[in-house]
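Contents: one structure, followed by commentary.
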Amino acid sequence: MVDQLPNLGREAEMLAIMGMSSIEDLFADVPDEVRMKGPLPLRDPQSEEEIIADARRLLGSNVALGERVSFLGAGLYRNYVPAAVFQLITRGEFLTSYTPYQPEVSQGMLQAMWEFQTLISELVGLPIANLSLYDGSTAAAEAITCCVRVHTRKATQKDTVYVSELTPPDRMSVVENYCQGAEIKIKLLRHNPDGTVNLSSAQDAAGSCGVYVEQPNPIGVLDGGLPLLKEILGEHTALIVAVQPISLGLVEAPGVYGADIVVGEGQPLGSPITGGGPIYGIFACSQPYLRLMPGRIVGRSIDVDGKEAFCLTLSTREQHIRRHRATSNICTNETLIALMGAMHMSLLGPEGLHDLAVRNMAACTLGKQKLSSIEGIHLPHASSHHFQEFVIELPGTASDCLAYLDSVGIVGGFDLHRWYADRPNWLLVSFTDQTHANQIELLAAHLELWAADQGVTA
């Protein structure tokens with residue numbers, strides 16, 4: 001057909017093949033009020049030197065997280081990562097490696113991937129782990145669709161999952177996107193005023209395909225009731241627990257108390273916080289979920305010469321090529337960032353991970369002691385247990401408080417009004433091994449000053 005067309009420009013050729021006469025026809029479905037009129041507001045061409053000077057000027061306006069006192073967490077956390085991790089990960093063998101479809105030339109990379117899986121498996125207390133997913137949110141969504149694939153035939157609440165009502169809206173949005181296409185019904189799992197799971201609500205979830213909870217949960221509470229959940233839910237309802245991996249240096253592994261799938265944001269292990277940069281998701285499971293789990297899995301075997309050999313395993317070619325027939329629409333992972341996590345865990349060892357967790361919790365405990373003593377500052381979950389963050393209720397809005405703290409050079413935490421519309425006065429403050437006692441004293445002093453300005457006196 002193209003050969004029979006008159007000698008038109010390439011744009012006209014393509015329009016003619018589609019049966020259109022103009023670009024306006026092509027974009028006819030785009031409402032006029034959202035179309036851009038006129039040329040793009042671009043400056044005139046620049047020389048290379050001018051472009052570099054502009055880039056430096058723009059980058060100079062950034063403030064590195066380590067240059068300010070910061071109590072911001074809410075899912076991403078600034079822990080110290082040994083310098084050796086960054087030296088090792090930039091070696092060409094890791095940095096430039098591509099997908100190891102040919103195991104005969106990829107044994108080193110495949111073994112490193114397998115070591116990551118082994119470390120995650122030991123950390124979460126489950127026998128199987130994949131090679132990571134894009135982030136904690138995609139891991140959560142994939143866990144939910146996986147449990148529906150496994151349980152919907154025997155579930156009394158078919159194609160139904162229960163998700164913690166505290167789940168942050170950005171993560172919930174990813175879960176909803178996945179579930180909408182798969183026609184999975186989402187119901188909310190209720191929580192008590194102290195932040196713990198409402199076990200009566202959990203009884204309603206028995207017979208569904210799965211239940212998703214977080215430990216610690218998004219408001220920082222370590223829920224002592226989670227070990228009771230699996231007994232309540234029964235054999236045919238999956239218990240999915242999302243973890244903060246550093247906490248597992250102190251907190252019991254979810255696999256020990258009955259979790260069927262463990263997911264989480266791996267960033268605190270090995271990866272610095274970057275503005276929109278790469279992070280990785282953890283995914284581990286028990287045996288019944290192995291064949292229907294997403295992502296890549298590296299297996300260890302013995303070759304014909306009796307030598308140890310590694311290869312990608314337990315996923316069909318549809319997972320990588322014929323995507324419309326795949327178990328999951330994720331066939332890849334975050335190998336490089338996951339290997340940073342493996343290096344971090346290897347350098348720490350079990351004792352080092354325990355020490356890191358203790359440092360996080362010690363900073364958090366000191367923060368609770370200092371902030372709870374300020375007149376006008378209330379801790380709504382003061383009687384609950386926390387690992388590294390907790391909520392403070394302020395005598396004014398969290399947004400106003402954060403603006404004041406920013407003016408004195410402090411990143412004060414996360415405004416929970418952005419997650420929960422009915423909590424304008426809640427501020428989530430986070431602590432890590434990089435939080436020092438004098439920084440906590442500084443935060444407490446400025447919160448006391450700000451509270452006094454709101455009409456609260458000591």
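Each chain in the structure tokens gets a letter, A, B, ..., in the order shown, and its residues are numbered from 1; ligands are numbered from 1 in order too.
Using only C-alpha atoms, the residues found no farther than 9 Å from Glu122 in chain A, other than those of its own chain fewer than 5 positions away, are Gln117, Pro127 and Ala253 of chain A.
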DSSP strand (DSSP E) residues within range 214-320 of chain A, as a ChimeraX atom specification:
/A:214-215,221-222,238-243,261-265,281-285,298-302,308-312
May I ask for the distance between CA of Pro216 in chain A and CA of Val251 in chain A, given in Å to one decimal place?
9.4 Å
Write out as a ChimeraX atom specification the residues lying within 8 Å of Val85 in chain A, counting only C-alpha atoms and excluding same-chain residues fewer than 4 positions away.
/A:81,89,270,340,343-344
Those residues you just picked out, can you put them in a file as a PDB file, in the first residue's frame with N, CA and C atoms?
ATOM      1  N   VAL A  81      25.312   3.487  54.764  1.00  0.00           N
ATOM      2  CA  VAL A  81      25.690   2.372  53.893  1.00  0.00           C
ATOM      3  C   VAL A  81      27.202   2.383  53.768  1.00  0.00           C
ATOM      4  N   ILE A  89      29.787  -2.026  43.690  1.00  0.00           N
ATOM      5  CA  ILE A  89      28.688  -2.044  42.721  1.00  0.00           C
ATOM      6  C   ILE A  89      29.073  -1.331  41.430  1.00  0.00           C
ATOM      7  N   GLY A 270      21.193  -0.896  51.673  1.00  0.00           N
ATOM      8  CA  GLY A 270      22.102  -0.740  50.538  1.00  0.00           C
ATOM      9  C   GLY A 270      21.908   0.465  49.671  1.00  0.00           C
ATOM     10  N   MET A 340      23.187  -4.192  45.740  1.00  0.00           N
ATOM     11  CA  MET A 340      23.680  -3.274  46.775  1.00  0.00           C
ATOM     12  C   MET A 340      23.139  -3.698  48.144  1.00  0.00           C
ATOM     13  N   MET A 343      25.105  -6.737  49.259  1.00  0.00           N
ATOM     14  CA  MET A 343      26.431  -6.345  49.755  1.00  0.00           C
ATOM     15  C   MET A 343      26.334  -5.741  51.148  1.00  0.00           C
ATOM     16  N   HIS A 344      25.318  -4.900  51.347  1.00  0.00           N
ATOM     17  CA  HIS A 344      25.119  -4.283  52.658  1.00  0.00           C
ATOM     18  C   HIS A 344      24.883  -5.353  53.725  1.00  0.00           C
TER      19      HIS A 344
END
Could you pull the residues within 9 Å of range 283-291 of chain A, counting only C-alpha atoms, minus those fewer than 5 positions along the same chain, as an MDAnalysis selection string?
chainID A and resid 117 120:121 124:133 136 139:140 142:143 146:147 149:150 255 259:264 314:315
Kindly save the residues from that selection, with N, CA and C atoms included, as a PDB file, in the first residue's frame.
ATOM      1  N   GLN A 117      18.898 -13.554  47.007  1.00  0.00           N
ATOM      2  CA  GLN A 117      17.681 -14.302  47.333  1.00  0.00           C
ATOM      3  C   GLN A 117      17.838 -15.055  48.654  1.00  0.00           C
ATOM      4  N   ILE A 120      17.670 -12.635  51.663  1.00  0.00           N
ATOM      5  CA  ILE A 120      16.294 -12.183  51.920  1.00  0.00           C
ATOM      6  C   ILE A 120      15.476 -13.319  52.535  1.00  0.00           C
ATOM      7  N   SER A 121      15.645 -14.518  52.018  1.00  0.00           N
ATOM      8  CA  SER A 121      14.924 -15.675  52.551  1.00  0.00           C
ATOM      9  C   SER A 121      15.217 -15.864  54.037  1.00  0.00           C
ATOM     10  N   VAL A 124      13.580 -12.867  56.229  1.00  0.00           N
ATOM     11  CA  VAL A 124      12.130 -12.820  56.447  1.00  0.00           C
ATOM     12  C   VAL A 124      11.556 -14.133  56.949  1.00  0.00           C
ATOM     13  N   GLY A 125      12.359 -15.198  56.967  1.00  0.00           N
ATOM     14  CA  GLY A 125      11.895 -16.472  57.509  1.00  0.00           C
ATOM     15  C   GLY A 125      11.009 -17.274  56.582  1.00  0.00           C
ATOM     16  N   LEU A 126      11.228 -17.151  55.282  1.00  0.00           N
ATOM     17  CA  LEU A 126      10.480 -17.929  54.293  1.00  0.00           C
ATOM     18  C   LEU A 126      11.461 -18.631  53.357  1.00  0.00           C
ATOM     19  N   PRO A 127      11.071 -19.771  52.783  1.00  0.00           N
ATOM     20  CA  PRO A 127      12.043 -20.574  52.033  1.00  0.00           C
ATOM     21  C   PRO A 127      12.379 -20.061  50.644  1.00  0.00           C
ATOM     22  N   ILE A 128      11.562 -19.170  50.078  1.00  0.00           N
ATOM     23  CA  ILE A 128      11.739 -18.777  48.681  1.00  0.00           C
ATOM     24  C   ILE A 128      11.712 -17.257  48.570  1.00  0.00           C
ATOM     25  N   ALA A 129      12.637 -16.697  47.804  1.00  0.00           N
ATOM     26  CA  ALA A 129      12.628 -15.258  47.518  1.00  0.00           C
ATOM     27  C   ALA A 129      12.974 -15.063  46.050  1.00  0.00           C
ATOM     28  N   ASN A 130      12.387 -14.046  45.447  1.00  0.00           N
ATOM     29  CA  ASN A 130      12.775 -13.738  44.073  1.00  0.00           C
ATOM     30  C   ASN A 130      13.890 -12.698  44.071  1.00  0.00           C
ATOM     31  N   LEU A 131      14.243 -12.240  42.877  1.00  0.00           N
ATOM     32  CA  LEU A 131      15.395 -11.365  42.729  1.00  0.00           C
ATOM     33  C   LEU A 131      15.034  -9.888  42.842  1.00  0.00           C
ATOM     34  N   SER A 132      13.921  -9.570  43.446  1.00  0.00           N
ATOM     35  CA  SER A 132      13.446  -8.207  43.688  1.00  0.00           C
ATOM     36  C   SER A 132      12.390  -7.804  42.681  1.00  0.00           C
ATOM     37  N   LEU A 133      11.658  -6.752  43.019  1.00  0.00           N
ATOM     38  CA  LEU A 133      10.695  -6.108  42.125  1.00  0.00           C
ATOM     39  C   LEU A 133      11.030  -4.621  42.091  1.00  0.00           C
ATOM     40  N   GLY A 136       8.524  -1.276  46.827  1.00  0.00           N
ATOM     41  CA  GLY A 136       7.626  -1.892  47.801  1.00  0.00           C
ATOM     42  C   GLY A 136       6.185  -1.911  47.360  1.00  0.00           C
ATOM     43  N   ALA A 139       5.652  -4.649  44.774  1.00  0.00           N
ATOM     44  CA  ALA A 139       5.734  -5.927  45.480  1.00  0.00           C
ATOM     45  C   ALA A 139       4.427  -6.231  46.201  1.00  0.00           C
ATOM     46  N   ALA A 140       3.832  -5.213  46.840  1.00  0.00           N
ATOM     47  CA  ALA A 140       2.554  -5.404  47.530  1.00  0.00           C
ATOM     48  C   ALA A 140       1.456  -5.786  46.548  1.00  0.00           C
ATOM     49  N   GLU A 142       1.754  -7.122  43.547  1.00  0.00           N
ATOM     50  CA  GLU A 142       2.023  -8.449  42.978  1.00  0.00           C
ATOM     51  C   GLU A 142       1.700  -9.553  43.980  1.00  0.00           C
ATOM     52  N   ALA A 143       1.946  -9.299  45.262  1.00  0.00           N
ATOM     53  CA  ALA A 143       1.611 -10.295  46.281  1.00  0.00           C
ATOM     54  C   ALA A 143       0.102 -10.520  46.335  1.00  0.00           C
ATOM     55  N   CYS A 146      -0.978 -12.435  43.279  1.00  0.00           N
ATOM     56  CA  CYS A 146      -0.478 -13.811  43.403  1.00  0.00           C
ATOM     57  C   CYS A 146      -1.361 -14.634  44.332  1.00  0.00           C
ATOM     58  N   CYS A 147      -1.753 -14.064  45.473  1.00  0.00           N
ATOM     59  CA  CYS A 147      -2.561 -14.837  46.420  1.00  0.00           C
ATOM     60  C   CYS A 147      -3.943 -15.132  45.842  1.00  0.00           C
ATOM     61  N   ARG A 149      -4.507 -15.706  42.610  1.00  0.00           N
ATOM     62  CA  ARG A 149      -4.274 -16.816  41.683  1.00  0.00           C
ATOM     63  C   ARG A 149      -4.231 -18.150  42.414  1.00  0.00           C
ATOM     64  N   VAL A 150      -3.660 -18.141  43.620  1.00  0.00           N
ATOM     65  CA  VAL A 150      -3.494 -19.391  44.360  1.00  0.00           C
ATOM     66  C   VAL A 150      -4.782 -19.799  45.079  1.00  0.00           C
ATOM     67  N   GLY A 255       7.783 -14.830  58.573  1.00  0.00           N
ATOM     68  CA  GLY A 255       7.611 -16.237  58.236  1.00  0.00           C
ATOM     69  C   GLY A 255       7.471 -17.118  59.458  1.00  0.00           C
ATOM     70  N   ALA A 259       3.261 -15.809  58.157  1.00  0.00           N
ATOM     71  CA  ALA A 259       3.097 -15.079  56.898  1.00  0.00           C
ATOM     72  C   ALA A 259       3.344 -16.009  55.722  1.00  0.00           C
ATOM     73  N   ASP A 260       2.479 -15.920  54.728  1.00  0.00           N
ATOM     74  CA  ASP A 260       2.640 -16.709  53.510  1.00  0.00           C
ATOM     75  C   ASP A 260       3.490 -15.990  52.468  1.00  0.00           C
ATOM     76  N   ILE A 261       3.358 -14.670  52.425  1.00  0.00           N
ATOM     77  CA  ILE A 261       4.147 -13.837  51.517  1.00  0.00           C
ATOM     78  C   ILE A 261       4.660 -12.644  52.317  1.00  0.00           C
ATOM     79  N   VAL A 262       5.927 -12.332  52.144  1.00  0.00           N
ATOM     80  CA  VAL A 262       6.515 -11.145  52.770  1.00  0.00           C
ATOM     81  C   VAL A 262       7.044 -10.236  51.669  1.00  0.00           C
ATOM     82  N   VAL A 263       6.659  -8.976  51.731  1.00  0.00           N
ATOM     83  CA  VAL A 263       7.117  -7.989  50.763  1.00  0.00           C
ATOM     84  C   VAL A 263       7.679  -6.801  51.532  1.00  0.00           C
ATOM     85  N   GLY A 264       8.164  -5.822  50.815  1.00  0.00           N
ATOM     86  CA  GLY A 264       8.649  -4.625  51.496  1.00  0.00           C
ATOM     87  C   GLY A 264       9.490  -3.774  50.583  1.00  0.00           C
ATOM     88  N   LEU A 314      12.257 -21.698  37.015  1.00  0.00           N
ATOM     89  CA  LEU A 314      10.898 -21.701  37.546  1.00  0.00           C
ATOM     90  C   LEU A 314      10.011 -20.569  37.022  1.00  0.00           C
ATOM     91  N   SER A 315      10.273 -20.105  35.828  1.00  0.00           N
ATOM     92  CA  SER A 315       9.342 -19.178  35.184  1.00  0.00           C
ATOM     93  C   SER A 315       9.300 -19.523  33.701  1.00  0.00           C
TER      94      SER A 315
END
Distance query Ile337 in chain A at most 10 Å, only C-alpha atoms, self and fewer than 4 positions along chain excluded, as a PyMOL selection string:
chain A and resi 89+132+134+266-267+269-272+278-281+333+341-343
Please extract the residues of range 121-160 of chain A with a backbone DSSP assignment of alpha helix (DSSP H) and present them as a list in words.
Ser121, Glu122, Leu123, Val124, Gly136, Ser137, Thr138, Ala139, Ala140, Ala141, Glu142, Ala143, Ile144, Thr145, Cys146, Cys147, Val148, Arg149, Val150 and His151 of chain A
With only C-alpha atoms as the counted atoms, please give the residues lying no more than 8 Å from range 347-350 of chain A, apart from itself and same-chain residues fewer than 4 positions off, as a PyMOL selection string.
chain A and resi 82+249+343+354
